[in-house]
file final-v3.pdb (PDB, C-alpha atoms)
ATOM      1  CA  MET M 220     -51.531  64.236  -8.231
ATOM      2  CA  SER M 221     -54.390  62.966  -6.068
ATOM      3  CA  GLY M 222     -54.014  59.436  -4.617
ATOM      4  CA  TYR M 223     -50.202  59.154  -5.120
ATOM      5  CA  ARG M 224     -47.310  59.857  -2.759
ATOM      6  CA  THR M 225     -43.809  60.695  -3.906
ATOM      7  CA  LEU M 226     -41.056  58.976  -1.878
ATOM      8  CA  HIS M 227     -38.268  61.123  -0.549
ATOM      9  CA  PRO M 228     -35.070  60.531  -2.633
ATOM     10  CA  SER M 229     -33.211  59.038   0.336
ATOM     11  CA  ARG M 230     -36.045  56.582   0.999
ATOM     12  CA  MET M 231     -36.196  55.754  -2.690
ATOM     13  CA  ARG M 232     -32.481  54.840  -2.661
ATOM     14  CA  CYS M 233     -33.006  52.621   0.394
ATOM     15  CA  PHE M 234     -35.916  50.903  -1.331
ATOM     16  CA  ILE M 235     -33.885  50.266  -4.494
ATOM     17  CA  LEU M 236     -30.916  48.894  -2.527
ATOM     18  CA  LEU M 237     -33.191  46.598  -0.530
ATOM     19  CA  PHE M 238     -34.862  45.354  -3.703
ATOM     20  CA  LEU M 239     -31.518  44.662  -5.406
ATOM     21  CA  GLY M 240     -30.254  42.871  -2.316
ATOM     22  CA  LEU M 241     -33.301  40.593  -2.232
ATOM     23  CA  LEU M 242     -32.990  39.973  -5.967
ATOM     24  CA  SER M 243     -29.311  38.992  -5.738
ATOM     25  CA  GLY M 244     -30.068  36.743  -2.776
ATOM     26  CA  CYS M 245     -32.764  34.918  -4.720
ATOM     27  CA  ALA M 246     -30.440  34.581  -7.713
ATOM     28  CA  ALA M 247     -27.759  33.071  -5.485
ATOM     29  CA  LEU M 248     -30.249  30.500  -4.210
ATOM     30  CA  LEU M 249     -31.121  29.597  -7.788
ATOM     31  CA  VAL M 250     -27.557  29.150  -9.100
ATOM     32  CA  THR M 251     -25.598  27.869  -6.071
ATOM     33  CA  PRO M 252     -25.226  24.053  -6.322
ATOM     34  CA  ASN M 253     -25.582  21.748  -3.337
ATOM     35  CA  PHE M 254     -21.809  21.388  -3.079
ATOM     36  CA  THR M 255     -20.200  19.103  -0.503
ATOM     37  CA  THR M 256     -16.599  18.092   0.194
ATOM     38  CA  GLU M 257     -17.497  15.338   2.650
ATOM     39  CA  LEU M 258     -16.349  12.071   1.063
ATOM     40  CA  THR M 259     -19.066  10.015   2.741
ATOM     41  CA  ALA M 260     -21.723  12.432   1.441
ATOM     42  CA  LEU M 261     -20.791  11.913  -2.212
ATOM     43  CA  ARG M 262     -23.197   9.836  -4.252
ATOM     44  CA  SER M 263     -22.319   6.333  -5.361
ATOM     45  CA  GLY M 264     -22.900   5.125  -8.898
ATOM     46  CA  GLN M 265     -21.483   4.825 -12.392
ATOM     47  CA  TYR M 266     -19.802   7.980 -13.690
ATOM     48  CA  SER M 267     -18.397   9.126 -17.033
ATOM     49  CA  LEU M 268     -15.667  11.696 -17.508
ATOM     50  CA  ASP M 269     -16.910  15.008 -18.876
ATOM     51  CA  PRO M 270     -14.628  15.548 -21.927
ATOM     52  CA  GLU M 271     -15.081  19.317 -21.687
ATOM     53  CA  HIS M 272     -13.627  19.304 -18.170
ATOM     54  CA  ALA M 273     -10.851  16.713 -18.485
ATOM     55  CA  TYR M 274      -7.151  17.548 -18.461
ATOM     56  CA  ALA M 275      -4.235  15.129 -18.768
ATOM     57  CA  ASN M 276      -0.954  17.032 -18.418
ATOM     58  CA  PHE M 277       2.640  15.808 -18.253
ATOM     59  CA  ARG M 278       6.068  17.244 -17.454
ATOM     60  CA  VAL M 279       9.569  15.945 -18.240
ATOM     61  CA  GLN M 280      12.967  17.536 -17.630
ATOM     62  CA  HIS M 281      14.840  18.936 -20.643
ATOM     63  CA  LEU M 282      18.651  19.353 -20.611
ATOM     64  CA  GLY M 283      18.476  19.749 -16.841
ATOM     65  CA  LEU M 284      17.597  23.384 -17.496
ATOM     66  CA  SER M 285      13.818  23.424 -17.816
ATOM     67  CA  SER M 286      10.840  21.169 -18.422
ATOM     68  CA  ILE M 287       8.812  20.201 -21.451
ATOM     69  CA  ILE M 288       5.172  20.564 -20.460
ATOM     70  CA  GLY M 289       2.361  19.125 -22.539
ATOM     71  CA  ARG M 290      -1.056  17.577 -22.511
ATOM     72  CA  PHE M 291      -3.323  15.143 -24.319
ATOM     73  CA  ASN M 292      -6.388  16.827 -25.733
ATOM     74  CA  THR M 293      -8.592  13.733 -26.190
ATOM     75  CA  VAL M 294      -9.412  12.007 -22.906
ATOM     76  CA  GLN M 295     -12.035   9.402 -21.969
ATOM     77  CA  GLY M 296     -12.812   7.860 -18.614
ATOM     78  CA  SER M 297     -15.298   5.995 -16.438
ATOM     79  CA  LEU M 298     -15.635   5.590 -12.688
ATOM     80  CA  ASP M 299     -17.537   3.105 -10.539
ATOM     81  CA  PHE M 300     -17.682   4.863  -7.180
ATOM     82  CA  ASP M 301     -19.042   4.148  -3.707
ATOM     83  CA  PRO M 302     -17.748   6.394  -0.891
ATOM     84  CA  ASP M 303     -18.479   3.643   1.630
ATOM     85  CA  LYS M 304     -16.444   1.077  -0.325
ATOM     86  CA  ILE M 305     -13.325   2.880  -1.524
ATOM     87  CA  GLY M 306     -11.489  -0.407  -2.071
ATOM     88  CA  SER M 307     -14.005  -1.446  -4.728
ATOM     89  CA  MET M 308     -13.565   1.723  -6.780
ATOM     90  CA  ALA M 309     -13.029   1.036 -10.487
ATOM     91  CA  LEU M 310     -11.400   3.719 -12.635
ATOM     92  CA  GLN M 311     -10.604   3.504 -16.322
ATOM     93  CA  GLY M 312      -9.063   6.149 -18.526
ATOM     94  CA  LYS M 313      -7.909   6.445 -22.121
ATOM     95  CA  LEU M 314      -5.779   9.012 -23.910
ATOM     96  CA  LEU M 315      -5.569   9.317 -27.674
ATOM     97  CA  ALA M 316      -1.837   9.344 -28.410
ATOM     98  CA  SER M 317      -2.238  11.480 -31.536
ATOM     99  CA  SER M 318      -3.855  14.247 -29.459
ATOM    100  CA  ILE M 319      -0.548  15.134 -27.771
ATOM    101  CA  ASP M 320      -0.050  18.902 -27.532
ATOM    102  CA  VAL M 321       3.239  20.584 -26.594
ATOM    103  CA  ASN M 322       2.606  23.854 -28.465
ATOM    104  CA  ASN M 323       5.258  22.895 -31.033
ATOM    105  CA  ASP M 324       4.135  21.175 -34.260
ATOM    106  CA  GLU M 325       7.584  19.824 -35.161
ATOM    107  CA  LEU M 326       8.153  18.339 -31.707
ATOM    108  CA  GLU M 327       4.663  16.824 -31.659
ATOM    109  CA  GLN M 328       5.338  14.966 -34.920
ATOM    110  CA  ARG M 329       8.604  13.669 -33.458
ATOM    111  CA  LEU M 330       6.857  12.468 -30.302
ATOM    112  CA  LEU M 331       4.283  10.574 -32.382
ATOM    113  CA  GLY M 332       7.065   8.603 -34.092
ATOM    114  CA  SER M 333       8.404   5.142 -33.318
ATOM    115  CA  ASP M 334      11.127   6.375 -30.925
ATOM    116  CA  TRP M 335       8.483   7.819 -28.646
ATOM    117  CA  LEU M 336       4.716   7.155 -28.570
ATOM    118  CA  GLY M 337       4.549   5.110 -31.771
ATOM    119  CA  ALA M 338       1.033   6.467 -32.199
ATOM    120  CA  GLU M 339       0.333   4.777 -35.529
ATOM    121  CA  ARG M 340       0.900   1.305 -34.058
ATOM    122  CA  PHE M 341      -0.258   2.114 -30.504
ATOM    123  CA  PRO M 342      -3.049   4.711 -30.836
ATOM    124  CA  GLU M 343      -4.231   4.628 -27.207
ATOM    125  CA  ILE M 344      -2.734   4.965 -23.737
ATOM    126  CA  GLU M 345      -4.909   3.238 -21.148
ATOM    127  CA  PHE M 346      -5.134   3.044 -17.361
ATOM    128  CA  LYS M 347      -7.186   0.452 -15.434
ATOM    129  CA  SER M 348      -7.368   0.470 -11.660
ATOM    130  CA  THR M 349      -6.873  -2.684  -9.603
ATOM    131  CA  ASN M 350      -7.240  -1.386  -6.038
ATOM    132  CA  ALA M 351      -7.804   1.786  -4.016
ATOM    133  CA  VAL M 352      -6.998   2.732  -0.413
ATOM    134  CA  MET M 353      -7.255   5.877   1.687
ATOM    135  CA  ASN M 354      -3.837   7.127   2.855
ATOM    136  CA  ASN M 355      -2.888   9.082   5.992
ATOM    137  CA  GLN M 356      -3.144  12.418   4.143
ATOM    138  CA  GLY M 357      -6.799  11.806   3.287
ATOM    139  CA  ASN M 358      -6.056  11.147  -0.380
ATOM    140  CA  ILE M 359      -6.991   7.984  -2.259
ATOM    141  CA  GLU M 360      -4.168   5.882  -3.687
ATOM    142  CA  ILE M 361      -5.505   4.213  -6.818
ATOM    143  CA  ALA M 362      -3.260   1.365  -7.918
ATOM    144  CA  GLY M 363      -3.568   0.134 -11.471
ATOM    145  CA  GLU M 364      -1.896  -0.735 -14.728
ATOM    146  CA  LEU M 365      -0.827   1.695 -17.423
ATOM    147  CA  SER M 366      -0.681   0.339 -20.975
ATOM    148  CA  MET M 367       1.478   2.267 -23.446
ATOM    149  CA  ARG M 368       3.390   1.186 -26.556
ATOM    150  CA  GLY M 369       2.377  -2.428 -25.902
ATOM    151  CA  GLU M 370       3.942  -2.410 -22.436
ATOM    152  CA  VAL M 371       1.940  -2.774 -19.225
ATOM    153  CA  ARG M 372       3.376  -1.439 -15.961
ATOM    154  CA  PRO M 373       1.966  -0.826 -12.468
ATOM    155  CA  VAL M 374       1.205   2.804 -11.653
ATOM    156  CA  THR M 375      -0.317   4.407  -8.565
ATOM    157  CA  LEU M 376      -2.359   7.599  -8.783
ATOM    158  CA  GLU M 377      -2.539   9.757  -5.670
ATOM    159  CA  ALA M 378      -6.049  11.072  -6.104
ATOM    160  CA  THR M 379      -8.156  13.715  -4.399
ATOM    161  CA  PHE M 380     -11.914  14.057  -4.677
ATOM    162  CA  HIS M 381     -12.637  17.755  -4.353
ATOM    163  CA  GLY M 382     -16.352  17.384  -3.803
ATOM    164  CA  GLY M 383     -19.659  16.730  -5.479
ATOM    165  CA  ALA M 384     -22.636  18.797  -6.579
ATOM    166  CA  ASP M 385     -25.652  18.862  -8.843
ATOM    167  CA  ASN M 386     -24.367  20.560 -11.978
ATOM    168  CA  ILE M 387     -26.964  23.195 -12.848
ATOM    169  CA  LEU M 388     -25.609  23.456 -16.410
ATOM    170  CA  THR M 389     -25.950  19.750 -17.276
ATOM    171  CA  GLY M 390     -28.523  18.568 -14.750
ATOM    172  CA  LYS M 391     -26.161  15.765 -13.708
ATOM    173  CA  TYR M 392     -24.569  15.065 -10.343
ATOM    174  CA  THR M 393     -20.829  15.694 -10.752
ATOM    175  CA  LEU M 394     -17.647  14.772  -8.860
ATOM    176  CA  GLY M 395     -14.454  16.846  -9.014
ATOM    177  CA  PHE M 396     -11.224  14.868  -9.161
ATOM    178  CA  SER M 397      -7.476  15.395  -9.476
ATOM    179  CA  ALA M 398      -4.512  13.013  -9.349
ATOM    180  CA  MET M 399      -0.739  12.877  -9.615
ATOM    181  CA  ALA M 400       1.560  10.045 -10.697
ATOM    182  CA  SER M 401       5.098   9.442 -11.856
ATOM    183  CA  ILE M 402       6.390   6.979 -14.460
ATOM    184  CA  LYS M 403       9.672   6.220 -16.218
ATOM    185  CA  ARG M 404       9.529   6.509 -19.989
ATOM    186  CA  SER M 405      12.244   3.857 -20.338
ATOM    187  CA  ASP M 406       9.826   1.314 -18.803
ATOM    188  CA  TYR M 407       7.737   1.706 -21.936
ATOM    189  CA  GLY M 408      10.552   1.480 -24.459
ATOM    190  CA  MET M 409      10.992   5.253 -24.833
ATOM    191  CA  ASP M 410      14.690   5.510 -23.994
ATOM    192  CA  ALA M 411      15.916   7.758 -26.818
ATOM    193  CA  PHE M 412      17.946  10.909 -26.059
ATOM    194  CA  ALA M 413      18.570   9.835 -22.460
ATOM    195  CA  ALA M 414      21.330  12.436 -22.088
ATOM    196  CA  LEU M 415      18.992  15.259 -23.135
ATOM    197  CA  VAL M 416      15.552  14.342 -21.802
ATOM    198  CA  GLY M 417      14.789  13.097 -18.305
ATOM    199  CA  ASP M 418      13.542   9.565 -17.719
ATOM    200  CA  GLU M 419      10.911  10.469 -15.122
ATOM    201  CA  ILE M 420       7.599  11.838 -16.370
ATOM    202  CA  THR M 421       5.236  13.554 -13.948
ATOM    203  CA  ILE M 422       1.551  13.141 -14.781
ATOM    204  CA  GLU M 423      -1.144  15.513 -13.543
ATOM    205  CA  LEU M 424      -4.842  14.794 -14.053
ATOM    206  CA  HIS M 425      -7.903  16.962 -13.476
ATOM    207  CA  GLY M 426     -11.471  16.083 -14.313
ATOM    208  CA  GLU M 427     -15.168  16.136 -13.595
ATOM    209  CA  PHE M 428     -17.125  12.886 -13.587
ATOM    210  CA  GLN M 429     -20.849  12.992 -14.355
ATOM    211  CA  ARG M 430     -23.200  10.420 -12.827
ATOM    212  CA  ASN M 431     -24.839   8.292 -15.536
TER     213      ASN M 431
END

call {"tool": "encode", "arguments": {"input": "final-v3.pdb", "output": "structure tokens"}}
result
Amino acid sequence: MSGYRTLHPSRMRCFILLFLGLLSGCAALLVTPNFTTELTALRSGQYSLDPEHAYANFRVQHLGLSSIIGRFNTVQGSLDFDPDKIGSMALQGKLLASSIDVNNDELEQRLLGSDWLGAERFPEIEFKSTNAVMNNQGNIEIAGELSMRGEVRPVTLEATFHGGADNILTGKYTLGFSAMASIKRSDYGMDAFAALVGDEITIELHGEFQRN
């Protein structure tokens, strides 16, 4: 046909591969967030916990043979954060006691009873920070008070900020966070079945905080 040239098949393949490569590169630029792990580069401000990316897990020894592992499915939290003033960080978190989940309906009902969480009388478990310091491992030790079953006890979370980025799905700047802590259930009046269930409870938290 006059005025048109047909590309050789090998050149056509090269052209297609080049085009796809450019297209994927542009797509990567569009979807890759401005992620940073530098603590001092994270943005200060008031943050709220994203409930769709919040996990409060716990583990307690059972019969010395294995562990009961569970979680709370309803979690709320807020964070006042300034990377230049770690000591002034303010963290608050709440768990709905009735949202406990151990993948066993009968055990869950038992744990909601008066010997354990007493969820009807004490519907919420709450943490409020009092101080925060950077430790030698680069983690942040967040000291605070844990309120459960009407008892208030000091607890320290060893927390790690995994980074921050503009969340392209929500349009909000987001911080990634995890923390570990350990408590004794007997400190909160949950001392039943001491010969069967361990006293120490390991707590593991994961979450994403969105800047308000």

call {"tool": "atom_distance", "arguments": {"input": "final-v3.pdb", "atom1": "atom CA of Ala338 of chain M", "atom2": "atom CA of Arg290 of chain M"}}
result
14.9 Å

call {"tool": "residues_near_point", "arguments": {"input": "final-v3.pdb", "point": "(15.4, 18.8, -22.8)", "cutoff": "10 Å", "atoms": "all atoms listed in the file", "output": "PyMOL selection string"}}
result
chain M and resi 279-287+412-417

call {"tool": "residues_around", "arguments": {"input": "final-v3.pdb", "residues": "segment 366-375 of chain M", "least_positions_apart": "6", "cutoff": "12 Å", "atoms": "all atoms listed in the file", "output": "PyMOL selection string"}}
result
chain M and resi 310-316+331-352+359-360+398-409+421-422

call {"tool": "axis_aligned_box", "arguments": {"input": "final-v3.pdb", "around": "segment 332-335 of chain M", "padding_each_side": "8 Å", "output": "JSON"}}
result
{"center_x": 9.1, "center_y": 6.9, "center_z": -31.4, "size_x": 20.1, "size_y": 19.5, "size_z": 21.4}

call {"tool": "closest_residue", "arguments": {"input": "final-v3.pdb", "among": "M:Gly363, M:Pro302, M:Gly289, M:Pro270", "to": "Phe428 of chain M", "atoms": "only C-alpha atoms"}}
result
M:Pro270

call {"tool": "atom_distance", "arguments": {"input": "final-v3.pdb", "atom1": "atom CA of Leu326 of chain M", "atom2": "atom CA of Ala411 of chain M"}}
result
14.0 Å

call {"tool": "atom_distance", "arguments": {"input": "final-v3.pdb", "atom1": "atom CA of Asn323 of chain M", "atom2": "atom CA of Ile420 of chain M"}}
result
18.5 Å

call {"tool": "closest_residue", "arguments": {"input": "final-v3.pdb", "among": "M:Ala260, M:Val321, M:Ile288, M:Ile387", "to": "Asp301 of chain M", "atoms": "all atoms listed in the file"}}
result
M:Ala260

call {"tool": "residues_around", "arguments": {"input": "final-v3.pdb", "residues": "Leu268 of chain M", "least_positions_apart": "2", "cutoff": "9 Å", "atoms": "only C-alpha atoms", "output": "MDAnalysis selection string"}}
result
chainID M and resid 266 270:273 294:298 312 426:430

call {"tool": "write_last_selection", "arguments": {"input": "final-v3.pdb", "atoms": "C-alpha atoms", "output": "CSV table (one decimal), in the coordinates of the input"}}
result
chain,number,residue,atom,x,y,z
M,266,TYR,CA,-19.8,8.0,-13.7
M,270,PRO,CA,-14.6,15.5,-21.9
M,271,GLU,CA,-15.1,19.3,-21.7
M,272,HIS,CA,-13.6,19.3,-18.2
M,273,ALA,CA,-10.9,16.7,-18.5
M,294,VAL,CA,-9.4,12.0,-22.9
M,295,GLN,CA,-12.0,9.4,-22.0
M,296,GLY,CA,-12.8,7.9,-18.6
M,297,SER,CA,-15.3,6.0,-16.4
M,298,LEU,CA,-15.6,5.6,-12.7
M,312,GLY,CA,-9.1,6.1,-18.5
M,426,GLY,CA,-11.5,16.1,-14.3
M,427,GLU,CA,-15.2,16.1,-13.6
M,428,PHE,CA,-17.1,12.9,-13.6
M,429,GLN,CA,-20.8,13.0,-14.4
M,430,ARG,CA,-23.2,10.4,-12.8

call {"tool": "closest_residue", "arguments": {"input": "final-v3.pdb", "among": "M:Gln265, M:Asp320, M:His425, M:Asn253", "to": "Asn292 of chain M", "atoms": "only C-alpha atoms"}}
result
M:Asp320

call {"tool": "closest_residue", "arguments": {"input": "final-v3.pdb", "among": "M:Gln328, M:Asn322, M:Thr256, M:Asn354", "to": "Phe396 of chain M", "atoms": "all atoms listed in the file"}}
result
M:Thr256

call {"tool": "closest_residue", "arguments": {"input": "final-v3.pdb", "among": "M:Ala384, M:Leu424, M:Met353, M:Leu394", "to": "Ile305 of chain M", "atoms": "all atoms listed in the file"}}
result
M:Met353
